[in-house]
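Dropping structure_6.cif in here (mmCIF, C-alpha atoms and all ligand atoms):
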data_upload
#
loop_
_atom_site.label_atom_id
_atom_site.label_comp_id
_atom_site.auth_asym_id
_atom_site.auth_seq_id
_atom_site.Cartn_x
_atom_site.Cartn_y
_atom_site.Cartn_z
CA MET A 28 -22.12 12.00 61.14
CA THR A 29 -21.65 11.39 64.87
CA MET A 30 -20.02 14.56 66.26
CA PRO A 31 -22.12 16.59 68.69
CA GLN A 32 -23.81 19.31 66.69
CA ARG A 33 -25.48 22.45 67.96
CA LYS A 34 -27.59 25.15 66.50
CA LEU A 35 -26.09 28.61 66.75
CA GLY A 36 -28.58 31.05 68.20
CA SER A 37 -31.67 31.45 66.08
CA THR A 38 -29.83 30.76 62.82
CA GLY A 39 -30.38 27.58 60.86
CA ILE A 40 -26.62 27.09 61.01
CA ILE A 41 -25.56 23.93 62.78
CA VAL A 42 -21.96 24.30 63.82
CA GLY A 43 -19.81 21.25 64.47
CA GLU A 44 -20.92 19.49 61.31
CA ILE A 45 -19.64 19.46 57.75
CA GLY A 46 -21.35 21.67 55.17
CA MET A 47 -20.77 21.64 51.44
CA GLY A 48 -19.35 24.31 49.14
CA GLY A 49 -21.07 24.45 45.78
CA MET A 50 -18.41 26.27 43.76
CA PRO A 51 -16.85 23.24 41.94
CA LEU A 52 -20.30 22.41 40.54
CA SER A 53 -20.44 25.64 38.55
CA VAL A 54 -16.97 26.91 37.63
CA THR A 55 -14.42 25.67 35.06
CA GLY A 56 -14.16 21.87 35.11
CA ARG A 57 -17.70 21.50 36.41
CA PRO A 58 -19.65 18.26 35.99
CA SER A 59 -22.90 17.84 34.04
CA GLU A 60 -25.99 19.13 35.81
CA GLU A 61 -27.13 15.54 36.35
CA ASP A 62 -23.85 14.56 38.04
CA GLY A 63 -23.86 17.80 40.05
CA ILE A 64 -27.33 17.08 41.39
CA ARG A 65 -26.22 13.53 42.24
CA THR A 66 -23.36 15.00 44.32
CA VAL A 67 -25.74 17.33 46.21
CA HIS A 68 -28.09 14.40 46.90
CA ALA A 69 -25.15 12.32 48.16
CA ALA A 70 -24.27 15.16 50.55
CA TRP A 71 -27.84 15.40 51.82
CA GLU A 72 -27.97 11.63 52.38
CA GLN A 73 -24.84 11.94 54.55
CA GLY A 74 -26.63 14.43 56.80
CA ILE A 75 -25.15 17.60 55.30
CA THR A 76 -27.72 20.39 55.67
CA LEU A 77 -25.81 23.60 54.88
CA PHE A 78 -24.86 24.35 51.29
CA ASP A 79 -22.70 27.38 50.52
CA THR A 80 -23.11 29.19 47.23
CA ALA A 81 -22.86 32.64 45.60
CA ASP A 82 -24.44 34.42 42.65
CA SER A 83 -20.93 34.54 41.14
CA TYR A 84 -20.37 30.75 41.11
CA CYS A 85 -20.68 30.41 37.35
CA LEU A 86 -18.45 30.53 34.28
CA ASN A 87 -19.08 34.22 33.54
CA ALA A 88 -21.64 37.01 33.90
CA THR A 89 -23.96 35.55 31.24
CA GLU A 90 -24.97 32.80 33.65
CA ASN A 91 -24.95 34.52 37.06
CA GLY A 92 -26.73 32.38 39.65
CA HIS A 93 -25.80 29.06 37.99
CA ASN A 94 -24.84 27.47 41.30
CA GLU A 95 -27.81 28.91 43.19
CA ARG A 96 -30.22 27.47 40.60
CA LEU A 97 -28.47 24.09 40.67
CA LEU A 98 -28.61 23.81 44.48
CA ALA A 99 -32.22 25.02 44.57
CA LYS A 100 -33.19 22.38 42.00
CA ALA A 101 -31.28 19.60 43.74
CA LEU A 102 -32.74 20.47 47.16
CA GLN A 103 -36.28 21.37 46.06
CA HIS A 104 -37.77 18.53 48.14
CA HIS A 105 -35.76 19.48 51.24
CA PRO A 106 -36.94 22.95 52.28
CA GLU A 107 -35.19 22.49 55.62
CA ALA A 108 -31.79 22.64 53.88
CA VAL A 109 -29.93 25.91 54.43
CA ILE A 110 -28.66 27.39 51.17
CA ALA A 111 -26.32 30.20 52.19
CA THR A 112 -25.55 32.54 49.34
CA LYS A 113 -23.40 35.64 48.79
CA GLY A 114 -23.38 38.86 46.83
CA GLY A 115 -20.64 41.35 46.08
CA HIS A 116 -18.59 39.60 43.38
CA ILE A 117 -19.14 39.92 39.65
CA ARG A 118 -17.74 37.80 36.77
CA PRO A 119 -17.20 39.99 33.68
CA GLU A 120 -15.84 37.67 30.98
CA GLY A 121 -15.08 35.13 33.70
CA ARG A 122 -12.87 37.45 35.78
CA TRP A 123 -13.44 37.79 39.55
CA GLU A 124 -14.13 41.45 40.45
CA THR A 125 -15.83 43.09 43.40
CA ASP A 126 -18.92 45.29 43.33
CA GLY A 127 -20.08 46.40 46.75
CA ARG A 128 -22.14 49.38 45.59
CA PRO A 129 -25.58 49.58 47.19
CA GLU A 130 -27.34 49.46 43.80
CA HIS A 131 -25.45 46.31 42.81
CA LEU A 132 -26.09 44.54 46.13
CA ARG A 133 -29.83 45.36 45.91
CA GLN A 134 -30.04 43.91 42.39
CA ALA A 135 -27.86 40.90 43.32
CA CYS A 136 -30.11 40.09 46.28
CA GLU A 137 -33.25 40.28 44.10
CA ASP A 138 -31.60 37.99 41.53
CA SER A 139 -30.56 35.52 44.26
CA LEU A 140 -34.11 35.45 45.65
CA ARG A 141 -35.33 34.52 42.17
CA ALA A 142 -32.56 31.98 41.53
CA LEU A 143 -33.22 30.25 44.86
CA GLY A 144 -37.00 30.53 44.48
CA VAL A 145 -37.50 31.86 48.03
CA GLU A 146 -39.12 34.91 49.61
CA ALA A 147 -36.25 35.40 52.06
CA ILE A 148 -32.66 34.16 51.98
CA THR A 149 -31.77 32.29 55.18
CA LEU A 150 -28.14 33.45 55.22
CA TYR A 151 -26.89 36.21 52.90
CA GLN A 152 -23.16 36.85 53.07
CA PHE A 153 -21.45 40.00 51.82
CA HIS A 154 -18.82 38.24 49.68
CA ARG A 155 -15.83 40.56 49.91
CA PRO A 156 -15.16 44.17 50.94
CA ASP A 157 -14.91 46.32 47.80
CA PRO A 158 -11.97 48.75 48.02
CA LYS A 159 -13.91 51.18 45.79
CA VAL A 160 -16.89 51.42 48.17
CA PRO A 161 -16.92 52.33 51.88
CA PHE A 162 -17.42 49.05 53.79
CA ALA A 163 -20.16 50.61 55.94
CA GLU A 164 -22.14 51.47 52.80
CA SER A 165 -22.10 47.88 51.56
CA VAL A 166 -22.94 46.42 54.96
CA GLY A 167 -25.59 49.09 55.49
CA THR A 168 -27.30 47.99 52.28
CA VAL A 169 -27.35 44.36 53.38
CA ALA A 170 -28.82 45.52 56.72
CA GLU A 171 -31.56 47.40 54.83
CA LEU A 172 -32.34 44.29 52.79
CA GLN A 173 -32.69 42.39 56.05
CA ARG A 174 -35.08 45.04 57.44
CA GLU A 175 -37.12 44.70 54.24
CA GLY A 176 -37.49 40.97 54.96
CA LYS A 177 -35.43 39.75 52.01
CA ILE A 178 -32.67 38.32 54.20
CA VAL A 179 -33.12 36.40 57.46
CA HIS A 180 -29.50 36.32 58.69
CA VAL A 181 -26.51 38.39 57.57
CA GLY A 182 -23.03 36.96 57.11
CA LEU A 183 -19.68 38.43 56.10
CA SER A 184 -16.83 36.95 54.10
CA ASN A 185 -13.16 37.82 53.67
CA VAL A 186 -13.16 40.27 56.57
CA SER A 187 -10.63 41.33 59.19
CA VAL A 188 -11.40 41.64 62.90
CA ALA A 189 -11.66 45.43 62.44
CA GLN A 190 -14.20 45.01 59.63
CA LEU A 191 -16.18 42.50 61.69
CA GLU A 192 -16.33 45.03 64.54
CA GLN A 193 -17.35 47.81 62.14
CA ALA A 194 -20.12 45.66 60.66
CA ARG A 195 -21.41 44.77 64.15
CA GLN A 196 -22.13 48.48 64.70
CA ILE A 197 -24.52 48.29 61.75
CA VAL A 198 -26.09 44.82 61.78
CA THR A 199 -26.24 41.57 63.75
CA VAL A 200 -23.63 39.31 62.16
CA ALA A 201 -24.59 35.62 62.13
CA SER A 202 -21.53 34.19 60.39
CA VAL A 203 -18.10 34.89 58.96
CA GLN A 204 -16.63 32.96 56.04
CA ASN A 205 -12.85 33.31 55.63
CA ARG A 206 -10.13 31.09 54.15
CA MET A 207 -8.77 28.66 56.73
CA ASN A 208 -7.15 25.27 56.54
CA LEU A 209 -4.17 23.25 57.84
CA PHE A 210 -1.84 25.28 55.63
CA ASP A 211 -3.37 28.74 56.06
CA HIS A 212 -3.94 30.09 59.57
CA SER A 213 -4.13 33.74 58.53
CA SER A 214 -7.69 34.18 59.84
CA MET A 215 -7.07 32.68 63.27
CA ASP A 216 -7.67 36.08 64.92
CA VAL A 217 -11.04 36.37 63.18
CA LEU A 218 -11.98 32.84 64.26
CA LYS A 219 -11.12 33.65 67.90
CA ARG A 220 -13.27 36.80 67.80
CA CYS A 221 -16.18 34.82 66.28
CA GLU A 222 -15.81 32.29 69.09
CA GLU A 223 -15.96 35.05 71.73
CA LEU A 224 -19.07 36.48 70.09
CA GLY A 225 -20.81 33.15 69.33
CA ILE A 226 -20.74 33.83 65.59
CA ALA A 227 -20.50 30.84 63.21
CA PHE A 228 -17.19 30.61 61.34
CA LEU A 229 -17.30 28.89 57.93
CA PRO A 230 -13.72 28.10 56.86
CA TYR A 231 -13.57 28.16 53.06
CA SER A 232 -11.06 26.20 51.00
CA PRO A 233 -10.81 23.83 54.00
CA LEU A 234 -8.82 21.40 51.81
CA ASN A 235 -6.50 24.19 50.63
CA GLY A 236 -8.56 25.06 47.55
CA MET A 237 -9.78 23.38 44.37
CA GLY A 238 -6.35 23.08 42.77
CA ASN A 239 -4.62 21.65 45.84
CA ALA A 240 -7.21 19.50 47.63
CA ARG A 241 -6.46 16.20 45.98
CA GLY A 242 -2.72 16.44 46.71
CA ILE A 243 -2.70 17.48 50.38
CA GLY A 244 -1.65 13.94 51.35
CA SER A 245 1.81 14.70 49.97
CA ASN A 246 2.42 16.39 53.32
CA GLU A 247 4.26 13.72 55.32
CA THR A 248 2.75 14.62 58.72
CA LEU A 249 -0.76 14.66 57.34
CA SER A 250 -0.43 11.38 55.44
CA ARG A 251 1.09 9.60 58.46
CA ILE A 252 -1.71 10.74 60.78
CA ALA A 253 -4.30 9.82 58.15
CA ALA A 254 -2.84 6.32 57.80
CA SER A 255 -2.85 5.85 61.58
CA HIS A 256 -6.61 6.57 61.63
CA GLY A 257 -7.43 4.64 58.47
CA ALA A 258 -8.78 7.96 57.16
CA SER A 259 -8.11 10.09 54.09
CA PRO A 260 -5.85 13.16 54.45
CA GLN A 261 -8.92 15.26 53.54
CA GLN A 262 -10.87 13.77 56.46
CA ILE A 263 -7.99 14.59 58.82
CA ALA A 264 -7.85 18.17 57.50
CA LEU A 265 -11.57 18.60 58.20
CA ALA A 266 -11.41 16.84 61.59
CA TRP A 267 -8.64 19.28 62.60
CA LEU A 268 -10.86 22.24 61.65
CA LEU A 269 -13.79 20.81 63.62
CA ARG A 270 -11.56 20.55 66.70
CA LEU A 271 -10.25 24.10 66.34
CA SER A 272 -13.35 25.80 67.71
CA PRO A 273 -16.96 25.06 68.67
CA VAL A 274 -18.23 27.67 66.19
CA ILE A 275 -16.69 26.02 63.10
CA LEU A 276 -18.62 24.67 60.12
CA PRO A 277 -16.21 23.66 57.32
CA ILE A 278 -17.60 23.84 53.78
CA PRO A 279 -15.51 21.55 51.55
CA GLY A 280 -16.29 21.94 47.88
CA ALA A 281 -16.88 18.83 45.78
CA SER A 282 -18.08 18.00 42.32
CA LYS A 283 -17.82 14.23 42.84
CA ALA A 284 -20.29 12.40 45.09
CA ALA A 285 -17.57 10.07 46.46
CA ASN A 286 -15.57 13.09 47.62
CA ILE A 287 -18.36 14.74 49.61
CA VAL A 288 -19.28 11.35 51.12
CA ASN A 289 -15.64 11.00 52.19
CA CYS A 290 -15.69 14.52 53.69
CA ALA A 291 -18.83 13.78 55.70
CA GLY A 292 -16.94 10.92 57.36
CA ALA A 293 -14.55 13.46 58.95
CA THR A 294 -16.89 13.84 61.92
CA ASP A 295 -16.16 10.23 62.90
CA VAL A 296 -12.40 10.80 63.17
CA LYS A 297 -11.16 11.14 66.77
CA LEU A 298 -7.90 13.05 66.75
CA SER A 299 -5.65 12.72 69.81
CA ALA A 300 -4.04 15.70 71.54
CA ALA A 301 -0.70 14.58 70.03
CA ASP A 302 -2.25 14.49 66.53
CA ILE A 303 -3.59 18.02 67.02
CA ASP A 304 -0.19 19.30 68.17
CA GLU A 305 1.47 17.88 65.08
CA LEU A 306 -1.24 19.13 62.74
CA ASN A 307 -1.02 22.61 64.29
CA GLY A 308 2.63 22.67 63.24
CA ILE A 309 2.00 22.05 59.53
CA ALA A 310 1.38 25.71 58.65
CA ALA A 311 4.61 26.67 60.43
CA GLN A 312 6.55 24.04 58.42
CA ILE A 313 5.20 25.56 55.20
CA THR A 314 6.08 29.15 56.08
CA ALA A 315 9.45 28.27 57.67
N1 LIG B 401 -16.03 33.33 50.41
C1 LIG B 401 -15.11 33.18 49.48
O1 LIG B 401 -14.47 34.14 49.02
C2 LIG B 401 -14.83 31.79 48.97
C3 LIG B 401 -13.69 31.52 48.19
C4 LIG B 401 -13.48 30.20 47.76
C5 LIG B 401 -14.37 29.21 48.11
N2 LIG B 401 -15.49 29.49 48.86
C6 LIG B 401 -16.46 28.45 49.25
O2 LIG B 401 -15.79 27.44 49.94
C7 LIG B 401 -16.03 26.18 49.32
C8 LIG B 401 -14.82 25.29 49.49
O3 LIG B 401 -13.65 25.90 49.00
P1 LIG B 401 -12.95 25.43 47.66
O4 LIG B 401 -13.93 24.71 46.81
O5 LIG B 401 -12.24 26.62 47.16
O6 LIG B 401 -11.79 24.46 48.12
P2 LIG B 401 -11.69 23.11 48.97
O7 LIG B 401 -12.96 22.78 49.61
O8 LIG B 401 -10.48 23.25 49.80
O9 LIG B 401 -11.36 22.06 47.81
C9 LIG B 401 -12.33 21.70 46.89
C10 LIG B 401 -11.85 20.51 46.10
O10 LIG B 401 -11.62 19.42 46.98
C11 LIG B 401 -11.83 18.22 46.29
N3 LIG B 401 -12.25 17.25 47.33
C12 LIG B 401 -13.32 17.38 48.15
N4 LIG B 401 -13.37 16.33 48.99
C13 LIG B 401 -12.34 15.54 48.69
C14 LIG B 401 -11.88 14.30 49.22
N5 LIG B 401 -12.52 13.71 50.23
N6 LIG B 401 -10.78 13.74 48.67
C15 LIG B 401 -10.13 14.37 47.64
N7 LIG B 401 -10.51 15.55 47.09
C16 LIG B 401 -11.61 16.12 47.62
C17 LIG B 401 -12.93 18.49 45.31
O11 LIG B 401 -12.67 17.76 44.14
P3 LIG B 401 -13.84 17.32 43.12
O12 LIG B 401 -14.39 18.61 42.58
O13 LIG B 401 -13.08 16.51 42.13
O14 LIG B 401 -14.88 16.55 43.88
C18 LIG B 401 -12.86 20.00 45.11
O15 LIG B 401 -12.46 20.37 43.84
C19 LIG B 401 -16.34 26.55 47.87
O16 LIG B 401 -17.01 25.51 47.20
C20 LIG B 401 -17.17 27.78 48.08
O17 LIG B 401 -18.49 27.42 48.43
C21 LIG B 401 -15.71 30.77 49.29
#
Would you mind giving the structure from this file in structure tokens?
Amino acid sequence: MTMPQRKLGSTGIIVGEIGMGGMPLSVTGRPSEEDGIRTVHAAWEQGITLFDTADSYCLNATENGHNERLLAKALQHHPEAVIATKGGHIRPEGRWETDGRPEHLRQACEDSLRALGVEAITLYQFHRPDPKVPFAESVGTVAELQREGKIVHVGLSNVSVAQLEQARQIVTVASVQNRMNLFDHSSMDVLKRCEELGIAFLPYSPLNGMGNARGIGSNETLSRIAASHGASPQQIALAWLLRLSPVILPIPGASKAANIVNCAGATDVKLSAADIDELNGIAAQITA
């Protein structure tokens, strides 16, 4: 990857590069463990150093931590890799539910420490505000876990600007992970606030999500710009994100090695100002 990269503060997070999302390696449709590990190795060989995961990336609650264990195994000889995990979602019978209670987050953090085989988690993200639990209680628990040395840096996910500000009263926030891609600009206000504060922003579903990623080239504007650069539509989507802000670190998910290799190539794409203008308009076309 050739884009200028820079470390954000004291975190191990290098913004301006491509990370990798681990979810497709552990949910429905996942590859064999052997193929999954091959994909993680392919990412590492491309210079990808941040791997996003969660205790809930699994088929159901009987195998919590599936993705954390897979990434830890694949990256066991690369201790410098950053495996960023999350807690706050549960998977009863495969459903996605939230649990932001302090007792759950404490147990989830202990389980993640064990699954990752580390004494402290480099970046622990509170996965999603739980409407049943005061946000400050959940964030306060994560802050306590940090004070106890179990977490190095604290991140948030699926938060509004107001929630980010509330959390900042309680803990130093290193990163925010919200949905953001060419077709979904709904977190632009959160991104701008992260930029002002020098907080890393990890756009999730950067290719519009697992079910849509392969087909994004059916957008005429995107496919035309991709063809003009000799790039894939997915590379253009990631290059657009990288140009949005200096605090961005997109985390495309991939189960196939060829796909994550293709994503890593996004840092070589040089979009023109005219390309950016056109790409900025795609979300408006969709909602018009
Ligand atoms: N914080 C949250 O609430 C939250 C929610 C969702 C996701 N996430 C995180 O964000 C990561 C990314 O989001 P996502 O997985 O939902 O969606 P995504 O990254 O938009 O799309 C993932 C899909 O893109 C396909 N893909 C990747 N590179 C490709 C390429 N170059 N050409 C064609 N297809 C390509 C992959 O297919 P193959 O599998 O066939 O390789 C994969 O299934 C997740 O893995 C997870 O770590 C977080």
Do you know which residues are within 7 Å of ligand LIG 401 (chain B) using all atoms listed in the file? Can you write them as a PyMOL selection string?
chain A and resi 47-51+79-80+154-155+184-185+204-206+231-238+240-241+259+261-262+278-284+286-287+289-290
Show which residues sit within 12 Å of stretch 214-228 of chain A, as JSON, numbers by chain. Count only C-alpha atoms, and ignore same-chain residues fewer than 2 positions away.
{"A": [33, 34, 35, 36, 37, 38, 39, 40, 41, 42, 43, 44, 45, 46, 150, 152, 180, 181, 182, 183, 184, 185, 186, 187, 188, 189, 190, 191, 192, 195, 199, 200, 201, 202, 203, 204, 205, 206, 207, 208, 209, 210, 211, 212, 230, 231, 233, 268, 269, 271, 272, 273, 274, 275, 276, 277, 278, 307, 310]}
Test item: residues at most 9 Å from A:Glu146, only C-alpha atoms, excluding those fewer than 3 positions along its chain, as a PDB file with C-alpha atoms, keeping the file's coordinate frame:
ATOM      1  CA  LEU A 140     -34.110  35.450  45.650  1.00  0.00           C
ATOM      2  CA  ARG A 141     -35.330  34.520  42.170  1.00  0.00           C
ATOM      3  CA  LEU A 143     -33.220  30.250  44.860  1.00  0.00           C
ATOM      4  CA  GLY A 176     -37.490  40.970  54.960  1.00  0.00           C
ATOM      5  CA  LYS A 177     -35.430  39.750  52.010  1.00  0.00           C
ATOM      6  CA  ILE A 178     -32.670  38.320  54.200  1.00  0.00           C
TER       7      ILE A 178
END
Quick one: pull the distance between atom CA of A:Glu95 and atom CA of A:Gly167, Å, one decimal.
23.7 Å
Sphere at (-22.1, 39.1, 43.4), radius 8 Å, counting all atoms listed in the file: residues as a ChimeraX atom specification
/A:81-83,113-117,125-126,131-132,135,154
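Between A:Thr149 and the residues A:Asp304, A:Glu107, A:Glu120, A:Glu61, the shortest atom-to-atom distance, using only C-alpha atoms, involves A:Glu107.
For the residues A:Leu265, A:Cys85, A:Ile252, A:Ala285, ranking by smallest atom-to-atom distance to A:Thr55 using all atoms listed in the file places A:Cys85 first.
Taking atom CA of A:Leu306 and atom CA of A:Ala264 as the two end points, the separation is 8.5 Å.
If you look at atom CA of A:Ser250 and atom CA of A:Trp267, they are 13.5 Å away from each other.
The environment of A:Glu90 within 12 Å, counting all atoms listed in the file and disregarding residues fewer than 3 places along the same chain, consists of A:Ser53, A:Val54, A:Asp82, A:Ser83, A:Tyr84, A:Cys85, A:Leu86, A:Asn87, A:His93, A:Asn94, A:Glu95, A:Arg96, A:Leu97, A:Ile117, A:Arg118, A:Pro119, A:Glu120, A:Gly121, A:Asp138, A:Ala142.
Shortest atom-to-atom contact with A:His68 among A:Ala147, A:Val288, A:Val160, A:Ala293: A:Val288, counting only C-alpha atoms.
Nearest-residue note for A:Arg65: choosing from A:Leu77, A:Val198, A:Ala101, A:Ala291, the minimum distance belongs to A:Ala101, counting only C-alpha atoms.
Distances to A:Glu175 were evaluated for A:Ile64, A:Ala111, A:Ile243, A:Cys136 using only C-alpha atoms, and the minimum falls at A:Cys136.
Using only C-alpha atoms for every distance, the candidate list A:Leu172, A:Ala99, A:Ala108, A:Ala300 yields A:Ala108 as the residue closest to A:Trp71.
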